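Engineer: Pasting start.cif here (mmCIF, C-alpha atoms):
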```
data_input
loop_
_atom_site.label_atom_id
_atom_site.label_comp_id
_atom_site.auth_asym_id
_atom_site.auth_seq_id
_atom_site.Cartn_x
_atom_site.Cartn_y
_atom_site.Cartn_z
CA MET A 74 0.00 0.00 0.00
CA GLN A 75 1.34 3.39 -0.99
CA ALA A 76 1.47 6.25 1.48
CA GLU A 77 -1.01 8.28 -0.58
CA ASP A 78 -3.62 5.54 -0.15
CA ARG A 79 -3.24 5.71 3.60
CA LEU A 80 -3.62 9.44 4.06
CA HIS A 81 -7.40 9.26 4.47
CA TYR A 82 -7.44 7.08 7.54
CA MET A 83 -4.54 8.93 9.16
CA ASP A 84 -6.34 12.25 8.65
CA HIS A 85 -9.57 10.82 10.03
CA LEU A 86 -7.76 9.28 12.97
CA ARG A 87 -6.32 12.69 13.82
CA ALA A 88 -9.82 14.22 13.74
CA LEU A 89 -11.24 11.62 16.11
CA ALA A 90 -8.27 11.94 18.48
CA MET A 91 -8.93 15.69 18.57
CA LEU A 92 -12.55 15.09 19.57
CA ALA A 93 -11.36 12.70 22.29
CA GLY A 94 -9.10 15.49 23.56
CA VAL A 95 -12.02 17.87 24.05
CA LEU A 96 -13.96 15.18 25.91
CA PHE A 97 -10.94 14.44 28.09
CA HIS A 98 -10.28 18.04 29.11
CA ALA A 99 -13.99 18.65 29.74
CA ALA A 100 -14.14 15.58 31.99
CA LEU A 101 -11.27 16.72 34.23
CA ALA A 102 -13.55 19.22 35.97
CA TYR A 103 -15.58 16.29 37.33
CA SER A 104 -12.66 13.98 38.11
CA PRO A 105 -12.08 13.07 41.78
CA LEU A 106 -8.38 12.59 41.04
CA MET A 107 -7.96 16.07 39.53
CA HIS A 108 -10.28 17.91 41.94
CA PRO A 109 -7.50 19.38 44.15
CA ILE A 110 -5.38 20.67 41.25
CA TRP A 111 -7.67 21.46 38.28
CA PRO A 112 -8.81 25.12 38.05
CA THR A 113 -12.35 24.35 36.83
CA ALA A 114 -12.93 21.48 39.31
CA ASP A 115 -16.62 21.24 40.13
CA THR A 116 -18.30 20.25 43.38
CA GLY A 117 -19.97 17.43 41.48
CA ARG A 118 -17.67 14.58 40.55
CA SER A 119 -17.73 10.83 40.02
CA ILE A 120 -15.31 7.93 39.81
CA VAL A 121 -17.07 7.04 36.56
CA VAL A 122 -15.48 10.16 35.07
CA ASP A 123 -12.02 8.99 36.08
CA GLY A 124 -12.65 5.54 34.64
CA ALA A 125 -13.65 6.95 31.25
CA ALA A 126 -11.34 9.98 31.09
CA TRP A 127 -8.11 8.17 31.93
CA PHE A 128 -9.06 5.40 29.50
CA LEU A 129 -9.04 8.03 26.74
CA HIS A 130 -5.84 9.43 28.20
CA LEU A 131 -3.98 6.18 27.59
CA PHE A 132 -4.04 6.43 23.81
CA ARG A 133 -5.19 9.94 22.83
CA MET A 134 -1.78 11.66 22.76
CA PRO A 135 0.12 8.51 21.67
CA LEU A 136 -2.17 8.48 18.61
CA PHE A 137 -1.26 12.08 17.81
CA PHE A 138 2.44 11.24 17.92
CA VAL A 139 1.95 8.13 15.78
CA VAL A 140 0.14 10.22 13.17
CA ALA A 141 2.82 12.92 13.39
CA GLY A 142 5.58 10.35 12.95
CA PHE A 143 3.83 8.85 9.95
CA PHE A 144 3.54 12.19 8.18
CA ALA A 145 7.11 13.12 9.11
CA ALA A 146 8.30 10.02 7.24
CA LEU A 147 6.05 10.93 4.31
CA LEU A 148 7.55 14.43 4.14
CA VAL A 149 11.09 13.08 4.26
CA ALA A 150 10.22 10.69 1.45
CA ARG A 151 8.76 13.43 -0.73
CA ARG A 152 10.97 16.41 0.06
CA GLY A 153 13.91 15.24 2.11
CA LEU A 154 14.99 16.51 5.50
CA GLY A 155 15.05 20.13 4.32
CA GLY A 156 11.42 19.89 3.28
CA LEU A 157 10.51 18.38 6.63
CA PHE A 158 12.15 21.28 8.50
CA ARG A 159 10.53 23.94 6.32
CA ASN A 160 7.15 22.35 6.80
CA ARG A 161 7.51 21.95 10.56
CA CYS A 162 8.71 25.51 11.01
CA ALA A 163 5.69 26.79 9.10
CA ARG A 164 3.03 24.47 10.49
CA VAL A 165 4.31 23.74 14.00
CA LEU A 166 6.82 26.33 15.19
CA LEU A 167 5.00 29.37 13.78
CA PRO A 168 1.57 28.44 15.24
CA LEU A 169 3.26 27.68 18.56
CA LEU A 170 4.90 31.11 18.67
CA LEU A 171 1.70 32.84 17.55
CA PHE A 172 -0.82 31.09 19.76
CA LEU A 173 1.11 30.41 22.96
CA PRO A 174 0.97 34.07 24.14
CA LEU A 175 -2.72 34.29 23.19
CA VAL A 176 -3.63 31.03 24.92
CA THR A 177 -1.58 31.85 28.01
CA ALA A 178 -2.95 35.37 28.34
CA SER A 179 -6.57 34.30 27.81
CA MET A 180 -6.39 31.47 30.35
CA TYR A 181 -4.61 33.72 32.85
CA GLY A 182 -7.26 36.42 32.47
CA LEU A 183 -10.15 33.94 32.66
CA THR A 184 -8.74 32.33 35.79
CA GLN A 185 -8.07 35.68 37.45
CA HIS A 186 -11.64 36.81 36.76
CA ALA A 187 -13.07 33.50 38.01
CA ALA A 188 -11.03 33.68 41.20
CA ALA A 189 -12.57 37.06 41.93
CA THR A 190 -16.19 36.35 40.94
CA VAL A 191 -17.11 32.65 41.27
CA LEU A 192 -19.27 31.96 44.34
CA HIS A 193 -18.39 28.25 44.56
CA PRO A 194 -14.72 28.18 43.58
CA SER A 195 -12.62 25.09 43.00
CA PRO A 196 -9.78 24.43 45.46
CA VAL A 197 -7.35 26.05 43.02
CA LEU A 198 -9.52 29.14 42.60
CA ALA A 199 -9.97 29.41 46.37
CA TRP A 200 -6.22 29.30 46.86
CA LEU A 201 -5.68 31.87 44.11
CA ARG A 202 -8.27 34.16 45.68
CA ALA A 203 -6.41 34.08 48.98
CA TYR A 204 -3.10 34.62 47.20
CA ILE A 205 -4.45 37.63 45.30
CA ASP A 206 -5.87 39.13 48.49
CA GLN A 207 -2.45 38.88 50.10
CA HIS A 208 -0.20 39.87 47.20
CA ASP A 209 -2.54 41.94 44.96
CA THR A 210 -1.58 39.82 41.95
CA MET A 211 -2.02 36.29 40.66
CA PRO A 212 1.04 34.02 40.35
CA PHE A 213 2.20 33.13 36.87
CA VAL A 214 4.02 29.88 36.10
CA PRO A 215 5.41 29.82 32.54
CA GLY A 216 4.79 26.70 30.53
CA TRP A 217 3.52 25.35 27.22
CA ALA A 218 -0.05 24.80 28.48
CA HIS A 219 -1.80 22.26 26.22
CA LEU A 220 0.45 23.29 23.32
CA TRP A 221 3.26 21.10 24.70
CA PHE A 222 2.52 18.67 21.86
CA LEU A 223 3.84 21.20 19.34
CA PHE A 224 6.98 21.78 21.40
CA TYR A 225 7.80 18.07 21.51
CA LEU A 226 6.96 17.68 17.84
CA MET A 227 9.63 20.24 17.00
CA LEU A 228 12.11 18.37 19.21
CA PHE A 229 11.34 15.12 17.42
CA THR A 230 11.83 16.86 14.09
CA VAL A 231 15.37 17.67 15.17
CA LEU A 232 15.84 14.08 16.32
CA VAL A 233 14.80 12.84 12.88
CA TRP A 234 17.79 14.71 11.46
CA VAL A 235 20.05 13.26 14.18
CA ALA A 236 18.80 9.74 13.50
CA SER A 237 19.35 10.25 9.78
CA ALA A 238 22.88 11.57 10.28
CA LEU A 239 23.81 8.64 12.53
CA GLU A 240 21.95 6.13 10.32
CA LEU A 241 19.88 5.05 13.31
CA ARG A 242 16.89 4.37 11.10
CA ARG A 243 18.28 0.93 10.47
CA ILE A 244 17.52 0.07 14.09
CA GLY A 245 13.90 1.03 13.66
CA ASP A 246 13.71 -0.88 10.41
CA SER A 247 15.05 -3.99 12.14
CA LEU A 248 12.50 -3.64 14.92
CA ALA A 249 9.67 -3.21 12.42
CA SER A 250 10.70 -6.46 10.73
CA LEU A 251 10.32 -8.51 13.93
CA PRO A 252 7.55 -11.15 14.06
CA ALA A 253 4.22 -9.40 14.53
CA ALA A 254 3.47 -10.94 17.92
CA LEU A 255 6.74 -9.67 19.39
CA ILE A 256 6.03 -5.99 18.71
CA PRO A 257 3.00 -5.59 21.03
CA ALA A 258 4.65 -7.96 23.51
CA VAL A 259 8.03 -6.21 23.80
CA LEU A 260 7.34 -2.55 22.98
CA PRO A 261 5.25 -1.87 26.13
CA VAL A 262 8.09 -3.13 28.32
CA TRP A 263 10.26 -0.37 26.88
CA LEU A 264 7.44 2.15 27.29
CA ALA A 265 7.02 1.19 30.94
CA LEU A 266 10.53 2.39 31.78
CA PRO A 267 9.75 6.14 31.50
CA LEU A 268 6.30 5.61 33.02
CA VAL A 269 7.84 4.33 36.24
CA TRP A 270 9.09 7.85 36.84
CA ALA A 271 6.21 9.74 35.18
CA GLY A 272 3.57 8.09 37.35
CA VAL A 273 0.10 6.64 36.89
CA PRO A 274 -1.64 8.17 35.08
CA TRP A 275 1.14 10.02 33.28
CA PRO A 276 0.96 13.85 33.52
CA ALA A 277 1.11 16.40 30.74
CA PRO A 278 4.79 17.41 30.25
CA ASP A 279 3.95 21.09 29.89
CA ALA A 280 7.00 22.56 31.65
CA LEU A 281 9.23 24.84 29.58
CA LEU A 282 12.13 22.39 29.73
CA PRO A 283 11.61 18.97 28.13
CA SER A 284 11.10 15.97 30.40
CA LEU A 285 13.30 12.95 29.78
CA TRP A 286 10.47 10.52 30.37
CA ALA A 287 8.30 12.33 27.80
CA LEU A 288 11.09 12.35 25.21
CA VAL A 289 11.48 8.59 25.55
CA PHE A 290 7.78 7.78 25.85
CA PHE A 291 6.31 9.96 23.11
CA GLY A 292 9.44 9.64 20.99
CA THR A 293 8.81 5.91 20.85
CA TYR A 294 5.30 6.47 19.54
CA PHE A 295 6.62 9.02 17.03
CA ALA A 296 9.16 6.42 15.84
CA LEU A 297 6.38 3.84 15.63
CA GLY A 298 4.39 6.10 13.32
CA TYR A 299 7.52 6.74 11.28
CA GLY A 300 7.98 3.00 10.89
CA MET A 301 4.38 2.56 9.77
CA TYR A 302 5.24 4.61 6.70
CA THR A 303 8.65 3.13 5.94
CA ARG A 304 7.47 -0.45 6.49
CA ALA A 305 4.07 -0.63 4.83
CA ASP A 306 3.73 -4.32 5.73
CA LEU A 307 3.85 -3.63 9.47
CA LEU A 308 0.13 -3.06 9.88
CA ASP A 309 -0.67 -5.99 7.60
CA ARG A 310 1.27 -8.25 9.93
CA LEU A 311 -0.41 -6.79 13.02
CA ARG A 312 -3.94 -6.95 11.64
CA PRO A 313 -4.69 -10.56 12.77
CA LEU A 314 -3.97 -9.46 16.34
CA SER A 315 -6.44 -6.55 16.39
CA SER A 316 -9.14 -8.27 18.46
CA TRP A 317 -6.62 -9.57 20.98
CA LEU A 318 -5.12 -6.09 21.29
CA LEU A 319 -8.50 -4.63 22.26
CA TYR A 320 -9.42 -7.35 24.73
CA GLY A 321 -5.97 -7.28 26.29
CA ALA A 322 -5.96 -3.49 26.58
CA VAL A 323 -9.37 -3.38 28.29
CA ALA A 324 -8.31 -6.15 30.70
CA ALA A 325 -5.02 -4.39 31.49
CA TYR A 326 -6.77 -1.07 32.09
CA ALA A 327 -9.44 -2.66 34.29
CA LEU A 328 -6.72 -4.27 36.41
CA LEU A 329 -4.82 -0.97 36.57
CA PHE A 330 -7.90 0.98 37.61
CA TRP A 331 -8.86 -1.57 40.26
CA SER A 332 -5.38 -2.04 41.69
CA SER A 333 -4.85 1.72 42.03
CA GLY A 334 -8.19 2.28 43.72
CA GLY A 335 -9.53 4.27 40.80
CA PHE A 336 -6.18 6.08 40.67
CA THR A 337 -6.71 7.40 44.20
CA ALA A 338 -3.59 5.48 45.23
CA ALA A 339 -1.59 6.63 42.20
CA VAL A 340 1.79 8.08 43.08
CA ARG A 341 4.88 9.38 41.35
CA PRO A 342 7.11 7.56 40.85
CA SER A 343 4.79 4.63 40.26
CA SER A 344 5.27 0.95 40.89
CA TRP A 345 6.71 -1.19 38.12
CA GLY A 346 3.48 -3.20 37.97
CA HIS A 347 1.31 -0.13 37.45
CA ALA A 348 3.71 1.23 34.85
CA LEU A 349 3.59 -2.05 32.92
CA LEU A 350 -0.21 -2.18 32.97
CA GLN A 351 -0.40 1.43 31.80
CA ALA A 352 2.13 0.81 29.03
CA TYR A 353 0.45 -2.36 27.76
CA ALA A 354 -3.05 -0.88 27.84
CA GLY A 355 -1.96 2.34 26.09
CA CYS A 356 0.21 0.68 23.46
CA TRP A 357 -2.34 -1.96 22.57
CA LEU A 358 -5.17 0.58 22.36
CA THR A 359 -3.05 2.81 20.12
CA LEU A 360 -2.22 -0.05 17.76
CA TRP A 361 -5.85 -1.17 17.75
CA CYS A 362 -7.09 2.32 16.87
CA VAL A 363 -4.69 2.55 13.92
CA LEU A 364 -5.70 -0.90 12.67
CA VAL A 365 -9.42 -0.16 12.98
CA ALA A 366 -9.02 3.22 11.29
CA ARG A 367 -7.11 1.59 8.45
CA ARG A 368 -9.87 -0.98 8.05
CA TRP A 369 -12.92 1.29 8.27
CA LEU A 370 -11.83 4.91 7.75
CA ASP A 371 -9.58 4.65 4.71
CA VAL A 372 -12.24 6.25 2.51
CA ARG A 373 -13.11 9.70 1.28
CA ASN A 374 -15.61 11.29 3.66
CA ARG A 375 -16.50 14.97 3.58
CA THR A 376 -17.49 15.18 7.23
CA LEU A 377 -14.34 13.52 8.50
CA ARG A 378 -12.26 15.54 6.04
CA TRP A 379 -13.77 18.74 7.41
CA LEU A 380 -13.13 17.57 10.97
CA ALA A 381 -9.53 16.79 10.06
CA ASP A 382 -9.12 20.28 8.62
CA ALA A 383 -10.70 21.85 11.71
CA SER A 384 -8.79 19.68 14.20
CA TYR A 385 -5.71 21.91 14.40
CA TRP A 386 -7.73 25.04 15.12
CA VAL A 387 -9.89 23.21 17.67
CA TYR A 388 -6.75 21.88 19.35
CA LEU A 389 -5.30 25.39 19.62
CA VAL A 390 -8.34 27.19 21.02
CA HIS A 391 -10.53 24.62 22.78
CA LEU A 392 -8.99 24.85 26.27
CA PRO A 393 -9.53 28.63 26.77
CA VAL A 394 -13.06 28.24 25.40
CA LEU A 395 -13.69 25.29 27.71
CA PHE A 396 -12.34 27.13 30.75
CA ALA A 397 -14.55 30.14 30.04
CA ILE A 398 -17.61 27.88 29.87
CA GLN A 399 -16.77 25.72 32.89
CA TYR A 400 -15.95 28.71 35.10
CA GLY A 401 -19.45 29.92 34.34
CA LEU A 402 -20.92 26.52 35.24
CA LEU A 403 -19.31 26.35 38.69
CA ASP A 404 -22.18 28.29 40.30
CA MET A 405 -24.90 26.24 38.61
CA ARG A 406 -26.51 23.43 40.63
CA GLN A 407 -27.15 20.95 37.84
CA HIS A 408 -25.84 17.38 38.02
CA TRP A 409 -22.21 16.97 36.90
CA SER A 410 -23.32 14.97 33.86
CA VAL A 411 -25.45 17.90 32.63
CA LYS A 412 -22.56 20.31 33.12
CA PHE A 413 -20.19 17.96 31.33
CA ALA A 414 -22.54 17.68 28.36
CA LEU A 415 -23.06 21.45 28.22
CA ALA A 416 -19.34 22.18 28.45
CA THR A 417 -18.45 19.68 25.74
CA VAL A 418 -21.17 20.64 23.28
CA CYS A 419 -20.67 24.38 23.74
CA THR A 420 -16.88 24.14 23.43
CA LEU A 421 -17.14 22.15 20.20
CA ALA A 422 -19.84 24.47 18.85
CA VAL A 423 -17.80 27.62 19.50
CA SER A 424 -14.59 26.05 18.18
CA PHE A 425 -16.18 24.67 15.01
CA ALA A 426 -18.20 27.81 14.32
CA SER A 427 -15.19 30.08 14.75
CA TYR A 428 -13.16 27.84 12.46
CA GLN A 429 -15.76 27.89 9.70
CA ALA A 430 -16.62 31.58 9.98
CA LEU A 431 -13.30 33.17 10.90
CA VAL A 432 -10.48 30.80 10.00
CA ARG A 433 -11.15 28.24 7.27
CA HIS A 434 -11.06 30.63 4.33
CA THR A 435 -8.20 32.77 5.59
CA LEU A 436 -4.44 32.51 5.32
CA ILE A 437 -4.27 31.12 8.86
CA GLY A 438 -6.84 28.50 7.96
CA ARG A 439 -4.90 27.43 4.90
CA LEU A 440 -1.74 27.22 6.97
CA LEU A 441 -3.36 25.15 9.72
CA ASP A 442 -5.24 22.92 7.26
CA GLY A 443 -2.07 22.17 5.32
CA LYS A 444 -3.46 23.41 2.03
CA LEU A 445 -0.74 25.84 1.12
CA THR A 446 0.58 24.68 -2.22
CA VAL A 447 4.34 24.38 -2.59
CA THR A 448 6.60 23.00 -5.27
CA ALA A 449 8.32 19.76 -4.38
CA ARG A 450 12.01 19.54 -5.06
CA ARG A 451 13.84 16.28 -5.27
CA PRO A 452 16.08 16.08 -2.17
CA ALA A 453 19.78 15.69 -2.78
CA THR A 454 20.36 13.68 0.39
CA ALA A 455 21.22 10.15 1.34
CA SER A 456 17.53 9.51 1.99
CA ASP A 457 17.04 9.21 -1.79
CA ALA A 458 18.39 5.69 -1.57
CA ILE A 459 15.90 4.72 1.15
CA PHE A 460 12.67 6.59 0.46
CA PRO A 461 10.75 6.89 -2.82
CA VAL A 462 10.61 10.44 -4.16
CA PRO A 463 7.82 11.76 -6.42
CA ASP A 464 8.24 13.67 -9.65
CA PRO A 465 10.08 16.91 -8.75
CA GLN A 466 7.86 18.95 -11.04
CA VAL A 467 4.61 17.98 -9.33
CA ASP A 468 2.96 20.46 -6.96
CA MET A 469 1.67 18.85 -3.79
CA LYS A 470 -0.52 20.00 -0.95
CA GLU A 471 0.89 19.69 2.51
CA ARG A 472 -1.50 17.43 4.41
CA ASP A 473 0.68 16.29 7.26
CA ALA A 474 -0.18 16.40 10.94
#
```
Rewrite the structure of this file - the entire thing - as structure tokens.

Structural biologist:
Amino acid sequence: MQAEDRLHYMDHLRALAMLAGVLFHAALAYSPLMHPIWPTADTGRSIVVDGAAWFLHLFRMPLFFVVAGFFAALLVARRGLGGLFRNRCARVLLPLLLFLPLVTASMYGLTQHAAATVLHPSPVLAWLRAYIDQHDTMPFVPGWAHLWFLFYLMLFTVLVWVASALELRRIGDSLASLPAALIPAVLPVWLALPLVWAGVPWPAPDALLPSLWALVFFGTYFALGYGMYTRADLLDRLRPLSSWLLYGAVAAYALLFWSSGGFTAAVRPSSWGHALLQAYAGCWLTLWCVLVARRWLDVRNRTLRWLADASYWVYLVHLPVLFAIQYGLLDMRQHWSVKFALATVCTLAVSFASYQALVRHTLIGRLLDGKLTVTARRPATASDAIFPVPDPQVDMKERDA
């Protein structure tokens, strides 16, 4: 199967992972685990939320890195390492630099206003209110917020060049050629190593400086996606295992959730057993999602195509929108499930409407959608001998992650 034939399901997979991200962040306000540390934490909460939210957490971001790794390999194949860097600077670094100040300022302002006005504040808002009363200002901790994914994606872009220079891709190629059953059996053991330190469930690595555990953990998924492009037979060999991957992942997660007391006993660093269960459940779910998407979503679909186009914008803006809505819901007395539904639907509605009305047909929309047309140039690098390169005179649309 050629890479071009596989773009549809990878695009659609990215769109669905984006939707899962909105659901996940909306659910954190009603999570018992996150109640002491989440700014929009509501008085209503349920362990059911933790069971569902952290299940999504296991594979949502790994899927994004798999998709990003796949498209990174595609770009190297078509345009060489130089083309990959130009694309990532335009579609990753530039949006990060543009939107990080806007996202940070908006969330800071929303939180400051909520701390001063909400009648039933979360523990975080109550602490901030006391801090502001004492110091006349709200503390500011610099970080990447939810845009940490873009920061790590740029780091992995640099590592692609390092791996190419040191010819380390041969290692990945050798791993991809292992018997199919060994990949889901051995890979989670490697993934468990960084999770021992990260904890259960693993946190968002949103600090300004990169975390070693995150580089190893997400870098492995990025390399896995890269290998899915370079070794097109990999998914064919894994396909017979798809049902077992799902059943095994659900069983591993159920055992993890039970043994950690619904994550109430989760600590950092975590036990080796918890790290293994988290690694196996997450890895198997990620592989299963890719296999299912390849089987059922590798078709042209206007709705999913539109969602894939909108996914980048929704990713960038959904958290400030969600915070604004959930701060307003803190003083409402409805059941947590009603608030969760309202927050999710309203966040998606505002994000999608703003994309269609204000972004899609603008230069920013074309940049985020990957529809800026550029001329492909045949790379004069050593990768020519490894990756197929299209006709250098053909114009292509950038449709990577």

Engineer: Please check which residues have atoms at most 10 Å from (-0.1, 19.3, 28.2) in the file's coordinates, counting only C-alpha atoms, and write them as a ChimeraX atom specification.

Structural biologist: /A:134,216-223,276-280

Engineer: For the PyMOL selection byres ((chain A and resi 158) around 10), applied here, can you spell out every residue it catches as number ranges by chain?

Structural biologist: A: 145, 148-149, 152-157, 159-166, 227, 230-231, 233-234

Engineer: For the provided coordinates, the residues matched by the PyMOL selection byres ((chain A and resi 179) around 12) should be stated as a PyMOL selection string.

Structural biologist: chain A and resi 172-178+180-186+218+390-397

Engineer: Atom CA of A:Phe291 and atom CA of A:Phe138, how far apart in Å?

Structural biologist: 6.6 Å

Engineer: Taking into account only C-alpha atoms, which residue in the set A:Tyr428, A:Trp331, A:Phe295, A:Phe413 is nearest to A:Leu350?

Structural biologist: A:Trp331

Engineer: Counting only C-alpha atoms, which residue out of A:Ala325, A:Ala305, A:Leu319, A:Ala383 sits closest to A:Trp361?

Structural biologist: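 That would be A:Leu319, the residue with the smallest distance to A:Trp361.
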
Engineer: Tell me which of A:Leu131, A:Val121, A:Leu147, A:Ala99 sits closest to A:Trp275, counting all atoms listed in the file.

Structural biologist: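 Closest candidate: A:Leu131.
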
Engineer: Since I can't run it myself right now, could you work out what the PyMOL selection byres ((chain A and resi 370) around 10) selects here and report it as a compact mmCIF listing (two decimals) with C-alpha atoms, keeping the file's coordinate frame?

Structural biologist:
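Everything below was put into result_13.txt:
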```
# COMPACT_ATOMS: atom_id res chain seq x y z
CA ARG A 79 -3.24 5.71 3.60
CA HIS A 81 -7.40 9.26 4.47
CA TYR A 82 -7.44 7.08 7.54
CA MET A 83 -4.54 8.93 9.16
CA ASP A 84 -6.34 12.25 8.65
CA HIS A 85 -9.57 10.82 10.03
CA LEU A 86 -7.76 9.28 12.97
CA VAL A 363 -4.69 2.55 13.92
CA LEU A 364 -5.70 -0.90 12.67
CA VAL A 365 -9.42 -0.16 12.98
CA ALA A 366 -9.02 3.22 11.29
CA ARG A 367 -7.11 1.59 8.45
CA ARG A 368 -9.87 -0.98 8.05
CA TRP A 369 -12.92 1.29 8.27
CA ASP A 371 -9.58 4.65 4.71
CA VAL A 372 -12.24 6.25 2.51
CA ARG A 373 -13.11 9.70 1.28
CA ASN A 374 -15.61 11.29 3.66
CA LEU A 377 -14.34 13.52 8.50
```

Engineer: Atom CA of A:Leu308 and atom CA of A:Ala322 are how many Å apart?

Structural biologist: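 Straight-line distance from atom CA of A:Leu308 to atom CA of A:Ala322 works out to 17.8 Å.
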
Engineer: Expressed in Å to a single decimal, how great is the separation between atom CA of A:Gly142 and atom CA of A:Val235?

Structural biologist: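 Separation of atom CA of A:Gly142 and atom CA of A:Val235: 14.8 Å.
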
Engineer: With all atoms listed in the file as the counted atoms, please give the residues lying no more than 10 Å from A:Ser104, apart from itself and same-chain residues fewer than 6 positions off, as JSON, numbers by chain.

Structural biologist: {"A": [111, 114, 115, 116, 117, 118, 119, 120, 121, 122, 123, 124, 125, 126, 127]}

Engineer: So which residues touch A:Pro261 within 8 Å, counting only C-alpha atoms, skipping near sequence neighbours fewer than 5 positions away, as a PyMOL selection string?

Structural biologist: chain A and resi 349+352-353+356

Engineer: What does the file look like for those residues with C-alpha atoms, as a short mmCIF file (atom, residue, chain, number, x, y, z; two decimals), in the frame of the given file?

Structural biologist:
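For reference, selection.cif as written:
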```cif
data_model
loop_
_atom_site.label_atom_id
_atom_site.label_comp_id
_atom_site.auth_asym_id
_atom_site.auth_seq_id
_atom_site.Cartn_x
_atom_site.Cartn_y
_atom_site.Cartn_z
CA LEU A 349 3.59 -2.05 32.92
CA ALA A 352 2.13 0.81 29.03
CA TYR A 353 0.45 -2.36 27.76
CA CYS A 356 0.21 0.68 23.46
#
```

Engineer: Ranking A:Tyr225, A:Ala254, A:Thr190, A:Leu264 by minimum distance to A:Leu281 and counting all atoms listed in the file, which one comes first?

Structural biologist: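 Closest candidate: A:Tyr225.
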
Engineer: Which one is closest to A:Ala141: A:Thr113, A:Leu288, A:Leu266, A:Ala296? Count only C-alpha atoms.

Structural biologist: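 Smallest separation from A:Ala141 among the options: A:Ala296.
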
Engineer: Mind checking which residues fall within 7 Å of A:Phe132, counting only C-alpha atoms, ignoring those fewer than 3 positions away in the same chain, and posting them as number ranges by chain?

Structural biologist: A: 129, 135-136, 355, 358-359

Engineer: Which is closer to A:Ala146 than all the others in A:Ala287, A:Ile398, A:Ser315, A:Gly298, using only C-alpha atoms?

Structural biologist: A:Gly298
